[in-house]
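Q: Input structure-v1.csv, format and content: CSV, C-alpha atoms and all ligand atoms.
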```
chain,number,residue,atom,x,y,z
J,287,MET,CA,122.3,138.2,85.0
J,288,ALA,CA,119.3,136.0,85.7
J,289,GLU,CA,119.6,132.4,84.7
J,290,LEU,CA,117.0,130.7,82.5
J,291,ASN,CA,116.6,127.0,83.2
J,292,LYS,CA,114.4,124.7,81.2
J,293,LEU,CA,112.7,122.2,83.4
J,294,GLN,CA,112.2,118.6,82.6
J,295,ARG,CA,108.7,117.3,82.1
J,296,CYS,CA,107.2,113.8,81.9
J,297,TYR,CA,107.2,112.8,78.2
J,298,HIS,CA,103.8,111.3,78.6
J,299,CYS,CA,101.6,113.4,80.9
J,300,GLY,CA,103.6,116.6,80.8
J,301,ALA,CA,103.9,117.0,84.6
J,302,LEU,CA,107.0,118.7,85.8
J,303,LEU,CA,109.5,116.1,87.0
J,304,GLN,CA,110.5,116.2,90.6
J,305,THR,CA,112.5,113.9,92.9
J,306,GLU,CA,111.3,115.0,96.3
J,307,ASP,CA,107.8,113.7,96.9
J,308,PRO,CA,106.7,110.3,95.6
J,309,SER,CA,103.1,111.1,96.5
J,310,LYS,CA,103.0,114.2,94.3
J,311,GLU,CA,102.6,114.6,90.6
J,312,GLY,CA,105.6,114.2,88.4
J,313,TYR,CA,107.7,112.1,90.8
J,314,ILE,CA,110.7,110.3,89.2
J,315,SER,CA,113.3,108.2,91.0
J,316,PRO,CA,116.5,110.3,91.2
J,317,SER,CA,118.5,107.3,89.9
J,318,ILE,CA,116.6,107.4,86.6
J,319,ILE,CA,117.5,111.1,86.1
J,320,GLU,CA,121.1,110.4,86.9
J,321,LYS,CA,121.2,107.5,84.5
J,322,TYR,CA,119.6,109.3,81.6
J,323,PRO,CA,120.3,113.0,82.0
J,324,GLU,CA,119.5,113.7,78.4
J,325,GLY,CA,116.7,111.1,78.0
J,326,LEU,CA,113.0,111.4,77.2
J,327,LEU,CA,111.8,110.6,80.7
J,328,LEU,CA,108.5,109.3,82.1
J,329,CYS,CA,107.4,110.1,85.6
J,330,ASN,CA,107.2,106.9,87.8
J,331,ASN,CA,103.4,106.9,87.5
J,332,CYS,CA,103.3,107.0,83.7
J,333,TYR,CA,106.1,104.5,83.5
J,334,LYS,CA,104.1,102.1,85.6
J,335,THR,CA,100.8,102.6,83.7
J,336,GLU,CA,102.3,102.9,80.2
J,337,LYS,CA,104.1,99.6,80.3
J,338,PHE,CA,102.3,97.1,78.1
J,339,ASN,CA,102.0,93.4,78.8
J,340,ASN,CA,103.0,93.6,82.4
J,341,ASN,CA,101.8,90.6,84.4
J,342,PRO,CA,98.3,90.8,85.7
J,343,GLN,CA,98.6,92.7,88.9
J,344,GLU,CA,97.2,91.6,92.2
J,345,ALA,CA,95.1,94.2,94.1
J,346,TYR,CA,96.6,96.8,96.3
J,347,PHE,CA,97.2,95.8,99.9
J,348,ASP,CA,96.6,98.5,102.6
J,349,ALA,CA,99.4,98.2,105.1
J,350,ASP,CA,97.0,99.0,107.9
J,351,TYR,CA,95.1,95.8,107.1
J,352,GLU,CA,98.2,93.9,108.3
J,353,LYS,CA,97.4,95.1,111.8
J,354,ILE,CA,93.9,93.5,111.7
J,355,LEU,CA,95.4,90.3,110.4
J,356,ASN,CA,98.0,90.2,113.1
J,357,VAL,CA,95.3,90.5,115.7
J,358,ILE,CA,93.4,87.7,114.0
J,359,ARG,CA,96.5,85.5,114.1
J,360,ASN,CA,97.3,86.3,117.7
J,361,LYS,CA,93.8,85.6,118.9
J,362,LYS,CA,93.5,82.5,116.7
J,363,ALA,CA,90.1,83.7,115.6
J,364,LEU,CA,88.0,82.2,112.8
J,365,VAL,CA,88.1,83.9,109.5
J,366,VAL,CA,85.1,83.8,107.2
J,367,TYR,CA,86.6,84.7,103.9
J,368,VAL,CA,83.9,85.8,101.4
J,369,VAL,CA,84.4,85.5,97.6
J,370,ASP,CA,82.0,86.6,94.8
J,371,LEU,CA,81.5,83.4,92.8
J,372,PHE,CA,80.8,85.4,89.6
J,373,SER,CA,84.3,86.9,89.6
J,374,PHE,CA,87.0,86.2,92.3
J,375,GLU,CA,89.8,84.6,90.4
J,376,GLY,CA,92.2,87.6,90.7
J,377,ALA,CA,90.8,88.8,94.0
J,378,PHE,CA,93.3,87.1,96.3
J,379,ILE,CA,96.1,89.2,97.8
J,380,ASN,CA,99.3,87.2,98.5
J,381,LYS,CA,100.1,89.2,101.7
J,382,ILE,CA,96.7,88.3,103.2
J,383,ILE,CA,97.1,84.6,102.3
J,384,GLU,CA,100.6,84.7,103.8
J,385,LEU,CA,99.4,86.3,107.0
J,386,LEU,CA,96.4,83.9,107.3
J,387,ASP,CA,98.7,80.9,107.1
J,388,GLY,CA,97.9,78.7,110.1
J,389,VAL,CA,94.6,80.6,110.8
J,390,ASP,CA,91.3,78.7,110.4
J,391,VAL,CA,89.6,80.0,107.3
J,392,LEU,CA,86.0,79.1,106.2
J,393,VAL,CA,85.4,80.2,102.6
J,394,VAL,CA,81.9,81.5,101.8
J,395,ALA,CA,81.5,81.5,98.0
J,396,ASN,CA,78.7,84.0,97.7
J,397,LYS,CA,76.3,85.1,94.8
J,398,ARG,CA,75.4,81.6,93.8
J,399,ASP,CA,72.3,83.0,92.2
J,400,LEU,CA,74.4,84.6,89.4
J,401,LEU,CA,75.7,81.3,88.1
J,402,PRO,CA,73.7,78.8,86.0
J,403,LYS,CA,71.3,76.7,88.0
J,404,GLU,CA,72.1,73.5,86.0
J,405,ILE,CA,75.6,73.2,87.4
J,406,ASN,CA,75.8,71.5,90.7
J,407,ASP,CA,77.3,72.9,93.9
J,408,ASP,CA,79.8,70.1,94.2
J,409,GLU,CA,81.3,71.1,90.8
J,410,LEU,CA,81.4,74.7,91.9
J,411,LYS,CA,83.1,73.8,95.2
J,412,GLN,CA,85.7,71.8,93.3
J,413,TYR,CA,86.3,74.8,91.1
J,414,VAL,CA,86.7,77.1,94.2
J,415,ALA,CA,89.0,74.6,95.8
J,416,HIS,CA,91.1,74.5,92.6
J,417,ARG,CA,91.4,78.4,92.5
J,418,LEU,CA,92.3,78.3,96.2
J,419,ARG,CA,95.0,75.8,95.5
J,420,VAL,CA,96.3,78.0,92.6
J,421,ALA,CA,96.4,80.9,95.1
J,422,LYS,CA,98.1,78.7,97.7
J,423,PHE,CA,95.4,79.6,100.2
J,424,LYS,CA,94.7,76.8,102.8
J,425,VAL,CA,91.2,76.7,104.2
J,426,ILE,CA,89.2,74.3,106.4
J,427,ASP,CA,85.9,74.3,104.5
J,428,THR,CA,83.9,76.0,101.8
J,429,VAL,CA,80.2,76.8,101.6
J,430,ILE,CA,78.3,78.1,98.6
J,431,THR,CA,75.7,80.8,99.5
J,432,SER,CA,73.5,83.6,98.1
J,433,THR,CA,71.8,86.5,99.9
J,434,SER,CA,69.5,87.1,97.0
J,435,ASN,CA,65.8,86.3,97.0
J,436,ASP,CA,65.2,84.1,100.1
J,437,GLY,CA,68.9,83.4,100.6
J,438,TYR,CA,70.6,80.2,99.8
J,439,ASN,CA,72.5,78.0,102.3
J,440,LEU,CA,72.6,80.7,104.9
J,441,GLU,CA,71.6,78.3,107.7
J,442,GLU,CA,74.3,76.0,106.6
J,443,MET,CA,76.8,78.9,106.8
J,444,TYR,CA,75.7,79.8,110.3
J,445,LYS,CA,76.1,76.2,111.4
J,446,LEU,CA,79.6,76.0,110.0
J,447,ILE,CA,80.5,79.3,111.6
J,448,THR,CA,79.3,78.1,115.0
J,449,LYS,CA,81.0,74.7,114.5
J,450,TYR,CA,84.4,76.1,113.5
J,451,SER,CA,84.5,79.2,115.7
J,452,ASP,CA,84.0,77.0,118.8
J,453,GLY,CA,83.8,80.0,121.2
J,454,ARG,CA,86.3,82.2,119.3
J,455,ASP,CA,85.9,85.6,117.6
J,456,VAL,CA,84.8,85.5,114.0
J,457,TYR,CA,86.2,88.0,111.3
J,458,PHE,CA,84.5,88.5,108.0
J,459,VAL,CA,87.2,89.2,105.4
J,460,GLY,CA,87.1,89.5,101.7
J,461,ALA,CA,87.3,91.8,98.6
J,462,SER,CA,85.1,94.8,98.4
J,463,THR,CA,81.6,93.9,96.9
J,464,SER,CA,82.0,90.2,97.7
J,465,GLY,CA,78.9,90.4,99.9
J,466,LYS,CA,80.2,90.6,103.5
J,467,SER,CA,77.7,93.3,104.5
J,468,ALA,CA,74.8,91.5,102.8
J,469,LEU,CA,75.6,88.3,104.6
J,470,ILE,CA,75.9,90.0,107.9
J,471,SER,CA,72.6,91.9,107.4
J,472,GLU,CA,70.9,88.5,106.7
J,473,PHE,CA,72.5,87.2,109.9
J,474,LEU,CA,71.2,90.2,111.8
J,475,LYS,CA,67.6,89.5,110.7
J,476,LYS,CA,67.6,86.3,112.8
J,477,TYR,CA,70.0,87.5,115.5
J,478,LEU,CA,68.9,88.1,119.1
J,479,ASN,CA,71.3,90.0,121.3
J,480,ASN,CA,71.5,88.1,124.6
J,481,THR,CA,74.6,89.8,125.8
J,482,SER,CA,75.1,93.0,127.7
J,483,LYS,CA,77.2,94.4,124.8
J,484,LEU,CA,75.9,96.5,121.8
J,485,ILE,CA,76.4,96.2,118.1
J,486,VAL,CA,78.9,99.0,117.3
J,487,THR,CA,80.8,100.6,114.4
J,488,TYR,CA,84.3,99.6,115.3
J,489,THR,CA,87.7,101.2,114.5
J,490,PHE,CA,90.3,98.5,114.3
J,491,GLU,CA,93.1,99.1,116.7
J,492,GLY,CA,96.0,101.3,115.5
J,493,THR,CA,94.3,101.9,112.1
J,494,ASN,CA,91.8,104.2,110.5
J,495,LEU,CA,89.9,101.1,109.2
J,496,ARG,CA,86.4,100.7,110.4
J,497,GLY,CA,83.9,97.9,110.4
J,498,MET,CA,81.1,96.5,112.5
J,499,ARG,CA,81.3,94.5,115.7
J,500,ILE,CA,78.5,92.3,116.8
J,501,PRO,CA,78.5,90.5,120.2
J,502,ILE,CA,77.8,86.8,120.2
J,503,THR,CA,78.6,86.3,123.8
J,504,ASN,CA,79.8,88.7,126.5
J,505,LYS,CA,83.3,87.8,125.4
J,506,THR,CA,83.2,87.0,121.7
J,507,TYR,CA,82.3,89.0,118.7
J,508,ILE,CA,81.7,88.9,114.9
J,509,TYR,CA,83.8,91.6,113.2
J,510,GLU,CA,83.1,92.8,109.7
J,511,THR,CA,86.4,94.1,108.3
J,512,PRO,CA,86.5,96.6,105.4
J,513,GLY,CA,86.6,95.1,101.9
J,514,THR,CA,90.1,94.7,100.5
J,515,SER,CA,91.0,96.5,97.3
J,516,ILE,CA,89.6,95.5,93.9
J,517,ASP,CA,91.8,98.0,92.0
J,518,ASN,CA,92.7,95.2,89.6
J,519,SER,CA,89.0,94.6,88.7
J,520,MET,CA,87.2,96.1,85.7
J,521,LEU,CA,84.7,97.4,88.4
J,522,SER,CA,87.3,99.9,89.7
J,523,LYS,CA,88.2,101.2,86.2
J,524,VAL,CA,84.8,102.5,85.2
J,525,GLU,CA,82.2,105.0,86.3
J,526,ARG,CA,79.2,104.1,88.4
J,527,SER,CA,76.8,103.6,85.5
J,528,VAL,CA,79.2,101.2,83.8
J,529,PHE,CA,79.9,99.5,87.1
J,530,ASN,CA,76.1,98.9,87.4
J,531,ALA,CA,75.8,97.6,83.8
J,532,ILE,CA,78.6,95.1,84.1
J,533,THR,CA,77.5,93.8,87.5
J,534,PRO,CA,75.0,91.0,86.8
J,535,LYS,CA,71.8,91.2,88.7
J,536,LYS,CA,70.4,87.8,87.8
J,537,GLU,CA,71.6,84.4,86.6
J,538,VAL,CA,74.1,84.8,83.8
J,539,LYS,CA,73.1,82.9,80.7
J,540,ALA,CA,75.8,81.7,78.3
J,541,ARG,CA,76.0,83.4,75.0
J,542,LYS,CA,77.5,81.4,72.2
J,543,TYR,CA,79.9,82.6,69.5
J,544,THR,CA,82.1,80.9,67.0
J,545,LEU,CA,85.5,82.4,66.5
J,546,THR,CA,87.6,81.7,63.4
J,547,LYS,CA,91.2,82.7,62.8
J,548,ASP,CA,91.6,86.4,63.2
J,549,SER,CA,88.1,87.1,64.5
J,550,CYS,CA,87.2,88.6,67.8
J,551,ILE,CA,84.4,89.5,70.2
J,552,ALA,CA,84.2,92.9,71.7
J,553,LEU,CA,82.6,93.1,75.2
J,554,GLY,CA,81.0,96.5,75.3
J,555,SER,CA,83.7,99.0,74.4
J,556,LEU,CA,85.6,97.7,77.4
J,557,ALA,CA,87.5,94.6,76.3
J,558,CYS,CA,88.1,92.3,73.4
J,559,ILE,CA,89.0,88.6,72.9
J,560,GLU,CA,90.5,87.6,69.7
J,561,LEU,CA,91.5,84.2,68.2
J,562,LEU,CA,94.8,84.4,66.5
J,563,SER,CA,95.3,80.7,65.6
J,564,LYS,CA,93.4,78.6,63.0
J,565,GLU,CA,91.3,76.3,65.2
J,566,LYS,CA,87.7,77.3,64.8
J,567,THR,CA,86.4,77.6,68.3
J,568,VAL,CA,83.0,77.8,69.9
J,569,VAL,CA,83.1,80.1,72.9
J,570,TYR,CA,80.4,80.6,75.6
J,571,LEU,CA,80.5,84.0,77.1
J,572,TYR,CA,79.4,84.7,80.7
J,573,ALA,CA,78.8,88.3,81.4
J,574,SER,CA,76.0,90.7,82.5
J,575,ASP,CA,73.2,90.8,79.9
J,576,LYS,CA,73.8,94.6,79.8
J,577,VAL,CA,77.2,93.9,78.1
J,578,GLU,CA,76.6,94.2,74.3
J,579,VAL,CA,78.8,91.7,72.4
J,580,LYS,CA,79.8,92.1,68.8
J,581,ALA,CA,81.8,89.9,66.6
J,582,HIS,CA,84.4,91.6,64.5
J,583,LYS,CA,87.2,91.0,62.1
J,584,ALA,CA,90.3,90.7,64.0
J,585,ILE,CA,92.1,93.6,65.6
J,586,VAL,CA,95.4,92.1,64.6
J,587,THR,CA,94.7,92.8,60.9
J,588,ASP,CA,92.9,96.1,61.4
J,589,ASN,CA,94.0,97.4,64.7
J,590,GLN,CA,93.4,101.1,64.0
J,591,LYS,CA,90.0,100.7,62.5
J,592,PHE,CA,88.8,98.6,65.4
J,593,PHE,CA,89.9,101.1,68.0
J,594,ALA,CA,88.5,104.0,66.0
J,595,SER,CA,85.1,102.4,65.5
J,596,ILE,CA,84.6,100.5,68.7
J,597,ILE,CA,86.7,102.0,71.5
J,598,GLU,CA,87.0,105.7,70.5
J,599,LYS,CA,83.4,106.1,69.5
J,600,GLY,CA,82.2,103.9,72.4
J,601,SER,CA,79.8,102.3,69.9
J,602,ASN,CA,79.3,99.1,71.9
J,603,LYS,CA,77.5,99.5,75.2
J,604,PRO,CA,78.6,99.9,77.9
J,605,SER,CA,81.5,102.2,77.1
J,606,SER,CA,83.5,104.2,79.7
J,607,SER,CA,84.7,107.7,79.4
J,608,ASN,CA,87.9,106.5,81.2
J,609,ILE,CA,88.8,104.1,78.4
J,610,HIS,CA,88.8,105.6,74.9
J,611,ASN,CA,91.9,104.8,73.0
J,612,ARG,CA,94.6,102.2,72.4
J,613,LYS,CA,96.9,103.5,75.1
J,614,ASP,CA,94.2,102.7,77.7
J,615,PHE,CA,94.6,99.0,77.1
J,616,ASP,CA,96.9,96.2,78.2
J,617,VAL,CA,97.2,93.3,75.8
J,618,TYR,CA,97.8,89.7,76.8
J,619,GLU,CA,98.3,86.5,74.8
J,620,PHE,CA,97.2,83.1,76.0
J,621,GLN,CA,98.5,79.9,74.4
J,622,ILE,CA,96.2,77.2,75.5
J,623,THR,CA,98.1,74.0,76.2
J,624,GLU,CA,95.5,72.1,78.2
J,625,GLU,CA,92.7,70.0,76.7
J,626,GLY,CA,89.1,69.9,78.0
J,627,SER,CA,86.9,72.7,79.1
J,628,ARG,CA,88.9,75.9,79.7
J,629,ASP,CA,88.1,79.6,80.6
J,630,ILE,CA,89.7,82.9,79.9
J,631,GLY,CA,88.4,85.5,82.3
J,632,ILE,CA,88.5,89.2,82.9
J,633,LEU,CA,88.1,90.2,86.6
J,634,GLY,CA,84.9,92.0,87.2
J,635,LEU,CA,83.6,91.6,83.7
J,636,GLY,CA,83.1,87.8,83.0
J,637,TRP,CA,84.7,85.0,81.2
J,638,ILE,CA,84.6,82.8,78.0
J,639,SER,CA,84.5,79.0,78.2
J,640,PHE,CA,85.7,76.8,75.3
J,641,VAL,CA,87.3,73.4,74.6
J,642,GLY,CA,91.1,73.6,74.8
J,643,ASN,CA,92.7,72.8,71.4
J,644,LYS,CA,96.1,74.6,71.4
J,645,GLN,CA,94.5,77.9,70.5
J,646,ASN,CA,96.2,81.2,70.7
J,647,PHE,CA,94.1,84.0,72.1
J,648,ARG,CA,94.8,87.7,72.5
J,649,VAL,CA,92.9,89.7,75.1
J,650,TYR,CA,92.6,93.5,75.3
J,651,VAL,CA,91.6,94.9,78.7
J,652,PRO,CA,91.8,98.3,80.3
J,653,LYS,CA,95.2,98.8,81.9
J,654,GLY,CA,95.7,97.1,85.2
J,655,VAL,CA,92.7,94.8,84.9
J,656,TYR,CA,93.4,91.2,85.9
J,657,VAL,CA,93.0,88.4,83.3
J,658,TYR,CA,93.5,84.7,83.8
J,659,THR,CA,93.1,81.3,82.2
J,660,SER,CA,91.8,78.4,84.2
J,661,ARG,CA,89.9,75.1,84.0
J,662,SER,CA,86.2,75.9,83.5
J,663,LYS,CA,83.9,77.2,86.2
J,664,VAL,CA,81.0,76.0,84.2
J,665,LYS,CA,81.8,73.1,81.9
J,666,ASN,CA,80.6,73.2,78.3
J,667,ASP,CA,82.1,70.1,76.8
J,668,ASN,CA,78.8,68.4,76.2
J,669,LYS,CA,76.9,71.2,74.4
Y,701,LIG,N1,73.3,88.7,93.1
Y,701,LIG,C1,73.8,88.8,94.3
Y,701,LIG,N2,74.2,90.0,94.7
Y,701,LIG,C2,74.7,90.1,96.0
Y,701,LIG,C3,74.7,88.9,96.9
Y,701,LIG,N3,75.3,89.3,98.0
Y,701,LIG,C4,75.6,90.6,97.9
Y,701,LIG,N4,75.2,91.1,96.7
Y,701,LIG,C5,75.3,92.5,96.2
Y,701,LIG,O1,76.7,92.7,96.0
Y,701,LIG,C6,77.0,94.1,96.3
Y,701,LIG,C7,78.1,94.2,97.3
Y,701,LIG,O2,77.6,93.6,98.5
Y,701,LIG,P1,78.1,94.1,99.9
Y,701,LIG,O3,77.5,93.2,100.9
Y,701,LIG,O4,78.0,95.5,100.1
Y,701,LIG,O5,79.7,93.7,99.8
Y,701,LIG,P2,80.8,93.9,100.8
Y,701,LIG,O6,81.7,92.7,100.8
Y,701,LIG,O7,80.2,94.3,102.2
Y,701,LIG,O8,81.6,95.1,100.2
Y,701,LIG,P3,82.5,96.2,101.0
Y,701,LIG,O9,81.8,96.8,102.1
Y,701,LIG,O10,82.9,97.2,99.9
Y,701,LIG,O11,83.7,95.5,101.4
Y,701,LIG,C8,75.6,94.7,96.7
Y,701,LIG,O12,75.0,95.4,95.6
Y,701,LIG,C9,74.8,93.5,97.1
Y,701,LIG,O13,73.4,93.7,97.0
Y,701,LIG,C10,74.3,87.7,96.4
Y,701,LIG,O14,74.3,86.6,97.0
Y,701,LIG,N5,73.8,87.7,95.1
Y,702,MG,MG,80.5,96.0,103.3
```
What does this structure look like when you write it as structure tokens?
Ligand SMILES: Nc1nc2c(ncn2[C@@H]2O[C@H](COP(=O)(O)OP(=O)(O)OP(=O)(O)O)[C@@H](O)[C@H]2O)c(=O)[nH]1
Ligand SMILES: [Mg+2]
A:
Amino acid sequence: MAELNKLQRCYHCGALLQTEDPSKEGYISPSIIEKYPEGLLLCNNCYKTEKFNNNPQEAYFDADYEKILNVIRNKKALVVYVVDLFSFEGAFINKIIELLDGVDVLVVANKRDLLPKEINDDELKQYVAHRLRVAKFKVIDTVITSTSNDGYNLEEMYKLITKYSDGRDVYFVGASTSGKSALISEFLKKYLNNTSKLIVTYTFEGTNLRGMRIPITNKTYIYETPGTSIDNSMLSKVERSVFNAITPKKEVKARKYTLTKDSCIALGSLACIELLSKEKTVVYLYASDKVEVKAHKAIVTDNQKFFASIIEKGSNKPSSSNIHNRKDFDVYEFQITEEGSRDIGILGLGWISFVGNKQNFRVYVPKGVYVYTSRSKVKNDNK
């Protein structure tokens, strides 16, 4: 007689569970099935994405990229590492930092135009240096730039590249959307090709990764490498229209809010920052002006109502069709122990700045988005 077997399915997404192919839907490690034969099981993918309060993840590292980094190391080339000043705090990938150990790295901190004019570049440089130290990333110098309007410090950047490359190849490296292509196209406006070589689209040896190769002499080149992943940024969790709305196009002006115990600000329908403790706190928010901000009663006291009215309805703009209920969020708590001007930031969306006073904050972000706390990028102590 024919046998009837009931197949096990993922308790969350409903996919048929299978142990053969990790790249296909419903994959679960065989050891889990063996350990919990009668259990309510989640496929590996749901298990990963359903876990709340996992540590902020670093971005995905494409193993092929290691081949490019090995070439850079072997050649002792100069790396021009581009970061987006508006939001780069969670953009470093440990494996890249490890592989660049011992390589000369010039950091180009780009998109200066998005930050307030009144802060000075030295303070910004100190902040970048601090974040580099936190990431354990050793570099030889940093220059602050912008490609917007007439450009800012681009001459200075070329001078430093010439000085540090000293006849070696130069590789532009950095997260996607940091501005590598924009910086290179500014460079090309002034560039004269005095060599017998052409500018070409280049496939990096042994990989499918492509970039541009620009000859500087008959023996040396500038290479533009593909942007590294930003899959831990808000930018990669939302559709194109929301991406455009949350990416600032001009100087970001601080918006001031006062948080009291159990009150919060919602940033669009995308994230929320809540004060849990009793210290009344003035916060300055830095985000695109297209991000509508509303102050609310705390989520902690009225969790369901908040998600029903703000997130599910998408009533604050922008809202994303990828993020519409509580399950789509990670929740983090920050206990502020340091004094002075502090930030809590959400990669790709922006940050708040406030004076540290032992507060306890809770932050809701779409799953997998990187959040951090740091000393302030733009100090607000004197306001
Ligand atoms: N406001 C501002 N925007 C910039 C600046 N530089 C680049 N951008 C913008 O940032 C976005 C990404 O810039 P790209 O040069 O394409 O970034 P990329 O590093 O080449 O990105 P990938 O090719 O994905 O690795 C574009 O919309 C640029 O116009 C800058 O200095 N200021
Ligand atoms: Mg590019």
Q: Quick one: of J:Ser662, J:Ser601, J:Ser563, J:Ser471, who's nearest to ligand MG 702 (chain Y), counting all atoms listed in the file?
A: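 Of the candidates, the smallest distance to ligand MG 702 (chain Y) is held by J:Ser471.
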Q: What is the distance, in Å and to one decimal place, between atom O14 of ligand LIG 701 (chain Y) and atom CA of Lys539 of chain J?
A: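 Value for the atom O14 of ligand LIG 701 (chain Y)-atom CA of Lys539 of chain J distance: 16.8 Å.
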Q: Kindly work out which residues sit at most 7 Å from ligand LIG 701 (chain Y), using only C-alpha atoms and all ligand atoms, and give the list as a PyMOL selection string.
A: chain J and resi 396-400+431-434+460-469+512-514+534-536
Q: Which residues are near Ala552 of chain J? Cut-off 8 Å, all atoms listed in the file, ignore same chain within fewer than 4 positions. Put them as a list in words.
A: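 Residues near the query, excluding close chain neighbours: Leu556, Ala557, Cys558, Ile559, Val579, Lys580, Ala581, His582 and Asn602 of chain J.
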Q: Which one of J:Arg541, J:Lys603, J:Lys591, J:Arg496 sits closest to ligand MG 702 (chain Y) if you count all atoms listed in the file?
A: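 When distances to ligand MG 702 (chain Y) are compared using all atoms listed in the file, the smallest one comes from J:Arg496.
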Q: Given all atoms listed in the file as the basis, pick out the residue of J:Val524, J:Leu385, J:Val459, J:Ile551 nearest to ligand MG 702 (chain Y).
A: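 The closest residue to ligand MG 702 (chain Y) is J:Val459.
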Q: Could you model N, CA, C and O atoms for segment 395-408 of chain J and present them as an mmCIF file, in the coordinates of the input?
A:
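Result written to rebuild26.cif:
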```
data_model
loop_
_atom_site.group_PDB
_atom_site.id
_atom_site.type_symbol
_atom_site.label_atom_id
_atom_site.label_comp_id
_atom_site.auth_asym_id
_atom_site.auth_seq_id
_atom_site.Cartn_x
_atom_site.Cartn_y
_atom_site.Cartn_z
ATOM 1 N N ALA J 395 81.514 81.137 99.474
ATOM 2 C CA ALA J 395 81.500 81.500 98.000
ATOM 3 C C ALA J 395 80.084 81.975 97.739
ATOM 4 O O ALA J 395 79.148 81.197 97.600
ATOM 5 N N ASN J 396 79.963 83.291 97.665
ATOM 6 C CA ASN J 396 78.700 84.000 97.700
ATOM 7 C C ASN J 396 78.215 84.305 96.225
ATOM 8 O O ASN J 396 78.998 84.250 95.296
ATOM 9 N N LYS J 397 76.960 84.710 96.095
ATOM 10 C CA LYS J 397 76.300 85.100 94.800
ATOM 11 C C LYS J 397 76.100 83.910 93.907
ATOM 12 O O LYS J 397 76.246 83.985 92.694
ATOM 13 N N ARG J 398 75.770 82.780 94.514
ATOM 14 C CA ARG J 398 75.400 81.600 93.800
ATOM 15 C C ARG J 398 74.358 81.826 92.709
ATOM 16 O O ARG J 398 74.369 81.234 91.622
ATOM 17 N N ASP J 399 73.422 82.729 93.048
ATOM 18 C CA ASP J 399 72.300 83.000 92.200
ATOM 19 C C ASP J 399 72.730 83.532 90.779
ATOM 20 O O ASP J 399 71.971 83.469 89.822
ATOM 21 N N LEU J 400 73.949 84.054 90.667
ATOM 22 C CA LEU J 400 74.400 84.600 89.400
ATOM 23 C C LEU J 400 74.904 83.525 88.429
ATOM 24 O O LEU J 400 75.056 83.757 87.238
ATOM 25 N N LEU J 401 75.176 82.331 88.974
ATOM 26 C CA LEU J 401 75.700 81.300 88.100
ATOM 27 C C LEU J 401 74.594 80.331 87.666
ATOM 28 O O LEU J 401 73.556 80.237 88.319
ATOM 29 N N PRO J 402 74.787 79.646 86.533
ATOM 30 C CA PRO J 402 73.700 78.800 86.000
ATOM 31 C C PRO J 402 73.203 77.802 87.016
ATOM 32 O O PRO J 402 73.990 77.206 87.763
ATOM 33 N N LYS J 403 71.877 77.634 86.999
ATOM 34 C CA LYS J 403 71.300 76.700 88.000
ATOM 35 C C LYS J 403 71.668 75.268 87.670
ATOM 36 O O LYS J 403 71.776 74.457 88.577
ATOM 37 N N GLU J 404 71.876 74.953 86.364
ATOM 38 C CA GLU J 404 72.100 73.500 86.000
ATOM 39 C C GLU J 404 73.399 72.958 86.531
ATOM 40 O O GLU J 404 73.520 71.752 86.656
ATOM 41 N N ILE J 405 74.376 73.789 86.843
ATOM 42 C CA ILE J 405 75.600 73.200 87.400
ATOM 43 C C ILE J 405 75.364 72.875 88.870
ATOM 44 O O ILE J 405 74.617 73.577 89.549
ATOM 45 N N ASN J 406 76.019 71.815 89.346
ATOM 46 C CA ASN J 406 75.800 71.500 90.700
ATOM 47 C C ASN J 406 76.826 72.088 91.660
ATOM 48 O O ASN J 406 77.927 72.440 91.248
ATOM 49 N N ASP J 407 76.420 72.215 92.913
ATOM 50 C CA ASP J 407 77.300 72.900 93.900
ATOM 51 C C ASP J 407 78.603 72.172 94.101
ATOM 52 O O ASP J 407 79.619 72.812 94.380
ATOM 53 N N ASP J 408 78.577 70.827 93.956
ATOM 54 C CA ASP J 408 79.800 70.100 94.200
ATOM 55 C C ASP J 408 80.876 70.515 93.132
ATOM 56 O O ASP J 408 82.058 70.688 93.444
#
```
